[in-house]
Each structure stands twice: as C-alpha cells, then as structure tokens.
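This report concerns only the one structure given below.
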Amino acid sequence: MAQGPISAPRRSLQAQNALRSPLPVSPTPTPSSPSPFLVPKFRTLGGRQLAAEARRRTLRMTRWDEILTLPVQNPPTLEFSAADIMWSMVEGWKDSMDRLALIPYSRVNDFVRGESNNKDCPTRFHVEARRRRPPTMNCKPKVDGILEYILYWCSFGPDDYRKGGDVRPSRPCSEKRKTPAGRPNTKRGCACHFIVKRLIAEPSLALVIYNHNKHVDKKGMPCHGPMDKMAVGTKAMFAPYISDELRLQVMSLLYVGIPVETIMQRHTEMVEKQGGPSNRDDLLTHRYVRRLERKIRRSDYELDDDDAISIDRWVENHQDCVFFYEDFSDTDTFVLGIQTDWQLQQMIQFGSRSLLTSDSKFGTNKLKYPVHSILVFDQQKNAIPVAWIITPNFAHGEIYKWMGALYDRAHTKDPTWQLGGFIIDDPLADARTIREVFQCPVLISLWRIRHAWHKNLVNKCSDIEKRSAMAKFLGDAISSICRGSGNVDLFEAFLQDFVDCAGFLDYFRALWFPRLGAWTTVLKATPLATAEVASAIESYHHLLKLRLLNEADESVYWRADWLVHKLGTKVHSYYWLDGYSGKDSFSRYWRSEWSSGLNPWRQGLQIPDCDVVIEGNCARVVSQKNKEKSHVVWNPVSEFALCDCNWSRKGHLCKHAIKSTKVCRDRGLAPPSLALFRYYQALANLVHCPPSDTVISDHAMAVAVSVKTQLDAVISTANCSSSNRPVFQDPQLASKPRESKIEETNTENEASDNDEEASTEEDSQVYERSKSGKDFDGNEEVSIDQDSPDHEKKKARRGFDDERTSATQSLRQKAAKQPLD
C-alpha cells in the first residue's frame with residue numbers, strides 16, 4: 001500500500017487539558033450554593049452510574065488521545081485515493097473499530113476526486129449530509145468538538161431504485177432538490193461512504209473515517225461497475241457523471257463560441273470511430289451540453305452597479321478560483337489573486353525544478369487595474385499563465401501578501417514541489433521576498449526594455465540607416481553594462497550622438513532615462529534570462545492582448561468585475577485549448593486569437609543554416625513560405641537586431657533575427673549571449689569566493705571546474721570546427737546550481753510561421769549599401785569572409801577569448817591550491 005509523506009505525530013491528549021471538560025463528580029453542598037435543583041440530581045446519580053460515566057469518559061479520552069497522535073499523511077500527488085493512505089484501526093463506539101486517517105483539510109477534495117477515479121469501480125461521491133458550526137457561535141473548546149461534518153456517499157446509493165430495492169421514505173424520487181445527490185435513475189443501493197470531520201482542536205486537519213469502502217449493496221454484492229454482471233451494457237458500468245477534464249473541455253469550447261451542435265457532432269464522430277462507448281465520457285448527451293451553454297449565456301459579470309460589491313460577490317461565488325483576496329481598507333489596497341485548479345496543476349507540473357516568470361503591469365494604459373501574470377513554460381517552451389494578480393497598487397514592498405499564498409497553495413498540493421528559479425521583468429521587483437518565499441535564485445529578463453525600445457524606434461524613426469545605428473548603440477550599451485564595463489554614462493553619449501532623432505530621444509529621455517539607474521544596478525548584480533525566455537514572454541503578452549482587449553465597447557475596461565470574469569472564463573479557455581489535441585478540427589480555431597503555435601525562438605531554430613547569408617553588417621534570411629523572397633536583418637551580432645518582417649516592425653523579436661544571431665555565434669563572428677556570459681562569470685566567482693564550509697566549498701568547486709571544463713571544450717571545438725553550441729549535454733547538470741537554468745536550449749519543435757512580407761525597395765537599397773562594405777557614415781569597412789584565414793576569425797573574437805583564458809587560468813590555479821576529495 002502506497003503511503004505519502006508523514007509528518008510528526010500530533011500532540012497527545014494529556015497536553016490538551018485546557019480543551020477537556022472535567023468529570024461529573026457530585027459536589028458537596030455548601031452554604032454558598034444551596035441550590036435545590038442540583039441536590040436531587042446528584043443524589044439520583046449512584047455509584048454505578050458514576051463509575052459507568054467515568055469509564056465512558058476515560059474510553060473517549062483514550063480514543064481521541066490515540067486519534068490525535070496519528071501521523072498526518074499528505075501524498076505528493078495531485079489526487080490520491082484510499083490506496084495511497086496507511087489506515088489505522090481505532091476503537092469506536094459500541095465496541096466497534098473505526099478505519100480512519102488524518103489528512104490536511106485543504107486536500108479533502110483531492111481525496112474525493114482520487115477515490116472517485118477508481119479504476120476497478122469508477123464512480124462519483126456526492127455530499128449526502130453536511131453540518132457546520134457557525135463561525136460566530138461561542139462554543140466550549142472540547143477536544144472532540146467538530147467545526148464541520150461531511151458525509152460523502154457513492155452516487156449509486158444509498159437508495160436502491162432497482163426492482164425490489166429499498167428507498168428511504170423521506171427521500172422520494174419525485175422530490176426536487178436544489179443540489180440533487182446523484183441521478184435518481186442511477187441509484188443502486190451502494191453502501192460505500194466515508195465521513196470527514198474538521199475538529200476544533202486541529203482546524204487545519206481532516207479526520208477521515210472510512211469503514212464502508214466496498215462498492216456493494218446491503219446483500220454484499222457488487223451493484224455497479226465492471227464487477228456487477230447486471231450493469232453490463234448499461235450506464236452503471238461507468239461513473240454517473242462525465243470527468244472534470246471533459247467538462248472543462250466542453251465549457252472552454254462553449255466560452256470561445258463553438259455551437260452545441262458542432263461539439264456534439266465532433267464527439268459523436270469520435271465515439272463511433274473507436275467502436276462505441278468505452279468510458280463515462282463517451283456518454284456525453286446533447287441535453288447536458290445544452291444546459292452548460294444556457295448557464296454560460298445567462299451568466300453576467302455585472303453582479304452589482306457598484307464595482308466593489310460586484311467583485312465581492314464574484315469572490316464569494318468562486319472560492320475555488322481565488323487564492324488571495326484583500327479588499328480596500330484604510331491601510332491596504334485591493335488585491336485579488338486568481339488561480340483555477342487547472343492552472344494550479346500546470347504550475348506544479350511545469351514549475352517543479354523549473355522556472356516561473358512574471359509579466360507585470362499588463363494593460364496599464366487601458367484597464368482599470370493592471371494584470372500581473374505568473375507564467376510557466378510547457379514542453380514546447382510556450383508560456384502558460386498559472387496565476388493572475390489584479391491590484392491598482394503594484395508597490396513592490398507588498399508582493400509578500402500574495403506571493404506567500406501562491407507558494408503555500410502549490411506546496412500544500414505537492415509537499416515536494418520546489419522552484420528552480422524566478423524571472424522578473426522589473427528592476428524594482430522585490431527580489432528579496434521572492435528568494436525568501438520560493439527559496440530559489442532570481443533572474444531578470446530584458447524582454448520589456450528591448451520590446452519598448454524596438455517598437456518606438458520603428459514608430460518614431462523613419463530613417464532605416466539611423467534606426468539601425470541607434471539600435472546597435474543601445475544593444476552595445478546594454479551588453480557593456482551586463483559585462484561590467486559600462487554604466488549610465490553610455491546613454492548620455494547616446495543622447496548626444498543622435499540629437500537629430502528628436503522623436504525617439506524625447507520619448508527615451510522622458511520615460512526611460514529616469515529608470516536607467518535602477519536597470520543598470522540590477523543588470524550588474526542579477527543573472528540574465530535567455531533570449532528564448534524573452535521570446536516566450538513576448539508571445540504570451542501579444543496573445544493576451546488579442547484575447548482580452550478585443551471588446552467593441554471599451555468602457556468595460558474600467559470595470560474590475562468584467563476583467564475578473566473574462567480572465568476566469570474566456571481567456572482561461574483559450575489557454576486550456578492551446579494544449580487540446582482536437583482543436584484543429586474546429587475551423588474557428590484558425591482565428592488569430594485562437595492560434596498560438598510556437599514562439600519565434602522555436603520557429604527560428606527550424607530555419608536551415610543554408611538559408612542565412614551573413615554579409616557585412618547585415619544578414620539575409622530566406623523566407624520559409626516563399627523561397628524567392630528574403631528578409632534583411634541589421635546588426636545580427638548585436639543584442640538589438642532589427643528585421644524588415646511584419647513581426648519585427650511591431651517591435652517583437654522575430655525568428656529571422658534569432659536565427660541570424662545564432663548563425664553568427666556558431667561561426668565565431670559574435671561572442672556568446674549575455675545570459676551565458678553571466679553564467680560563466682558566476683562559475684568563476686564561485687571558485688574565487690568559495691563558501692566557508694569545507695565540504696560545501698569542495699563540492700561547489702568540483703561543480704564549477706566540471707562545468708568550466710565543458711565550456712572550454714565547447715569553445716575549443718568551435719574554433720576548430722565552427723560549430724559552437726552553448727548547450728550542455730551532461731544530464732548531471734540538472735542537479736547543479738540553480739544558475740544552470742539560464743542556459744540556452746536548442747530543442748526541435750513544430751514550426752508556426754509569422755506573417756512574412758517581402759522587404760521594401762528602401763530596405764533593399766540599405767542592404768546593398770551595407771553589402772558593399774560601407775558603414776552608415778560612408779567609411780570603408782572590412783567585411784568578414786567565410787573563407788578568410790583563421791586569424792581573421794580570432795581577431796573578431798579576441799575580446800571574449802582574453803576573458804575566457806584569464807578566467808580559466810584563475811580557475812585552474814584555485815583548483816590546484818585546494819585539491820578536491
């Protein structure tokens with residue numbers, strides 16, 4: 001029997017004297033209490049009765065003392081069943097033995113879902129009875145006091161509507177209930193049920209009593225499922241309801257506008273293709289889908305004219321989707337954290353030992369409250385939102401309020417969940433709080449600063465030559481700062497060198513110049529995320545804009561209840577359907593807000609090297625849709641490369657720029673990326689400044705020397721074969737320091753091209769001038785020839801080789817002084 005992690009035993013009953021009531025002992029009447037009502041009562045209680053009552057109280061105390069010392073079991077899976085728990089037998093009432101266990105109260109729903117997904121007997125458990133103690137009710141804190149009592153029963157019982165079955169007279173079939181406990185026509189007298197108790201002594205725990213764990217009727221015979229011969233060929237072979245996954249699929253399709261008839265047509269075709277029903281999901285009915293569609297159509301985001309009251313009502317109705325909520329007060333501002341069950345599953349699945357990243361302040365100019373998105377990356381390295389935080393105040397010192405709740409929710413679901421790294425996009429983010437909450441390193445991404453500069457350069461500078469020169473200057477400035485040789489003075493020189501571009505300089509001076517000090521400080525001290533991460537975040541930001549800000553009436557953007565409702569319904573459905581394999585069968589999915597595909601980084605990796613030609617300061621990349629066309633990329637060796645395709649003109653990092661930069665690095669025409677340089681630098685610093693502990697120092701030095709040696713081998717191979725790839729193939733790197741998460745990956749995936757267009761006549765003229773070997777000032781410039789001698793390539797890489805050689809020598813000297821165990 002599988003058993004999850006078990007915590008330390010609970011405190012014993014003897015340590016809870018404050019919670020117990022004293023034994024009823026006959027008091028001696030005193031003159032101060034001559035009550036005539038008490039004396040007859042205690043006189044009638046003889047010695048045998050006192051002894052029996054004391055014995056019962058002692059047995060009850062012993063029972064709860066044994067219960068509260070049981071270990072708390074929390075299996076590290078999204079769902080778990082009775083088979084995953086070690087059950088204990090404790091003496092109950094009337095000399096019976098109870099089969100029970102303690103689990104976290106927050107995981108009761110996970111246990112119910114896991115027990116419902118029983119392979120031998122699929123079913124669904126419903127709440128047959130529930131009792132709650134009002135929170136405002138004053139009660140004596142007894143050790144066996146109950147805050148909540150829930151009776152879960154198999155939906156095939158307890159009534160039996162089969163021929164000759166027993167039906168409780170108080171529960172007639174014709175009676176209509178607000179929340180019906182299972183379909184009446186499926187009641188087959190199943191006796192399987194369990195009880196969940198939430199105790200006053202331990203409100204965070206749930207006591208599960210599971211005495212009747214067999215799906216049998218009163219005669220002890222199987223009454224549903226594959227073991228029941230009478231259920232063969234009927235719906236009783238399967239669970240009485242469709243799975244949560246199919247319900248989420250149907251709801252998502254309805255939210256994005258798929259008609260009910262189309263959904264049922266696709267479902268019927270799928271069932272017929274597989275030869276008939278084989279599980280409960282194959283029994284989906286047109287009536288059920290129509291009922292869901294009617295529920296969606298009647299739903300409304302404006303629950304009240306007052307936006308604040310409407311939000312309160314939404315939170316009250318969607319407790320499962322809210323992980324943090326704080327209303328306006330005299331000292332605090334409004335904060336709402338949204339996370340559905342599916343988003344929590346994605347966070348646990350793709351975030352464990354991996355990366356989380358943030359897209360902060362989305363919709364600052366249009367929405368009433370900006371949206372802060374927390375993202376993970378799937379197998380194709382596309383960004384998936386796992387939480388949305390809505391607040392009018394993004395004060396960075398208040399991030400601890402909701403970030404701790406987000407971590408606790410994931411850690412409660414999976415106690416072994418651990419984050420590998422957290423990527424921020426704002427230099428003022430509270431990195432200290434993030435490190436303390438997630439216990440992981442913090443990285444920073446340049447996607448926001450690059451996207452803003454790129455977009456405004458295209459919009460505010462019409463001269464392509466000047467635009468390219470300005471982008472190269474900004475890219476070199478950022479590169480110098482990250483490598484430790486630059487500061488804010490570089491941007492002062494930028495303002496002086498390009499005074500004739502007044503449009504962009506006014507924008508740059510007003511919005512970005514006050515922020516450059518914070519950016520410079522963070523870039524020098526914080527590891528950098530790769531361009532692949534930047535491309536994924538940028539693609540998510542673009543898709544969210546298409547899927548959220550597409551309302552005809554823009555006045556709704558100033559209502560928070562509209563934002564919350566659309567994020568939790570329609571936008572959530574888009575991202576769920578991105579991973580749905582059957583989405584391509586719907587023609588509606590070909591629309592722009594539906595299609596996601598691969599991010600530009602993945603698309604760029606699939607462009608053949610032979611389609612890229614590097615000549616001078618430019619690169620020409622052959623279009624993958626039309627081989628007769630090509631796109632011009634300026635400054636391919638710079639961090640801020642520009643392209644003439646549609647995607648790049650919108651300020652995005654396109655696949656042509658990504659591919660041309662990679663080819664330049666592979667051929668030794670450009671140094672490694674800034675992210676790899678900072679990782680390389682961190683390894684060197686680890687050796688120069690080892691920890692004080694000898695064992696930790698030796699282990700850290702061994703890791704650093706091993707990775708450093710691999711980097712040297714990769715770079716040496718590149719000098720000989722011109723195939724430098726910043727990818728480490730050693731699988732042991734997964735257990736190495738967290739900084740290894742920022743290395744660049746080159747995984748192959750399917751291509752999804754962006755809209756491409758031929759370069760304009762003006763772009764071609766600029767390309768011809770750059771191809772002739774002249775820079776933008778008209779000076780002659782030596783172009784790099786593919787067939788030139790080796791010393792020409794070494795000259796282009798001289799600066800990086802000097803840094804690498806110096807760091808390697810220092811590393812080896814340090815290793816020689818402190819031999820490893």
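Ligands are numbered from 1 in the order shown, residues from 1 within each chain, and chains are lettered A, B, ... in the order they appear in the structure tokens.
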Exercise for the section: Give the helix (DSSP H, G or I) residues of stretch 50-292 of chain A, as DSSP finds them on the backbone, and put them as a ChimeraX atom specification. Expected result: /A:50-68,82-84,93-95,105-116,184-186,229-231,235-237,244-255,260-273,280-283,286-292
Exercise for the section: Write out as a PyMOL selection string which residues come within 10 Å of stretch 475-479 of chain A when counting only C-alpha atoms, dropping same-chain ones fewer than 3 positions away. Expected result: chain A and resi 446+450+469-472+482-491+494+519-520+523+635+637-641+673-674
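Using only C-alpha atoms, the smallest distance between any of A:His224, A:Asp160, A:Pro441, A:His541 and A:Thr123 comes from A:His224.
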With stretch 79-99 of chain A as the partner and 7 Å as the cut-off, tabulate the residues of stretch 146-228 of chain A that qualify, each row holding the nearest pair of atoms and their distance in Å to one decimal, using only C-alpha atoms, sorted by chain and rising number, as JSON lines.
```
{"residue": "A:Ile209", "atom": "CA", "partner": "A:Arg99", "partner_atom": "CA", "distance": 5.8}
{"residue": "A:Tyr210", "atom": "CA", "partner": "A:Arg99", "partner_atom": "CA", "distance": 5.5}
{"residue": "A:Asn211", "atom": "CA", "partner": "A:Arg99", "partner_atom": "CA", "distance": 5.4}
```
Practice task
Counting only C-alpha atoms, figure out which residue out of A:Ile258, A:Ala704, A:Met264, A:Val612 gets nearest to A:His631.
Solution key: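 Using only C-alpha atoms, the shortest distance to A:His631 belongs to A:Val612.
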Exercise for the section: Find the residue from A:Leu336, A:Ile296, A:Val256, A:Leu283 that sits nearest to A:Trp314; use only C-alpha atoms when measuring. Expected result: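 Using only C-alpha atoms, the shortest distance to A:Trp314 belongs to A:Leu336.
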Problem - For A:Val376, the nearest of the candidates A:Tyr540, A:Trp402, A:Tyr149, A:Tyr507, counting only C-alpha atoms - result: A:Tyr540
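Distance annotation: of A:Phe156, A:Ser573, A:Pro75, A:Asp65, the residue with the minimal separation from A:Val143 is A:Asp65; atom set is only C-alpha atoms.
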Handout entry: Near-A:Ile423 list (9 Å; only C-alpha atoms; drop same-chain fewer than 5 positions) as a PyMOL selection string
Key = chain A and resi 355-358+441-445+528-529
Problem - Nearest-residue call for A:Gly225, choices A:Gly145, A:Pro671, A:Gly616, A:Pro122, using only C-alpha atoms - result: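 The answer is A:Pro122, which sits nearest to A:Gly225.
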Exercise for the section: Between atom CA of A:Tyr161 and atom CA of A:Arg280, measure the distance and give it in Å to one decimal. Expected result: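 Interatomic distance, atom CA of A:Tyr161 to atom CA of A:Arg280: 20.6 Å.
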Practice task
List every residue of stretch 224-419 of chain A that DSSP, applied to the backbone, labels as strand (DSSP E), and write the result as a PyMOL selection string.
Solution key: chain A and resi 322-326+335-338+355-362+371-377+383-390
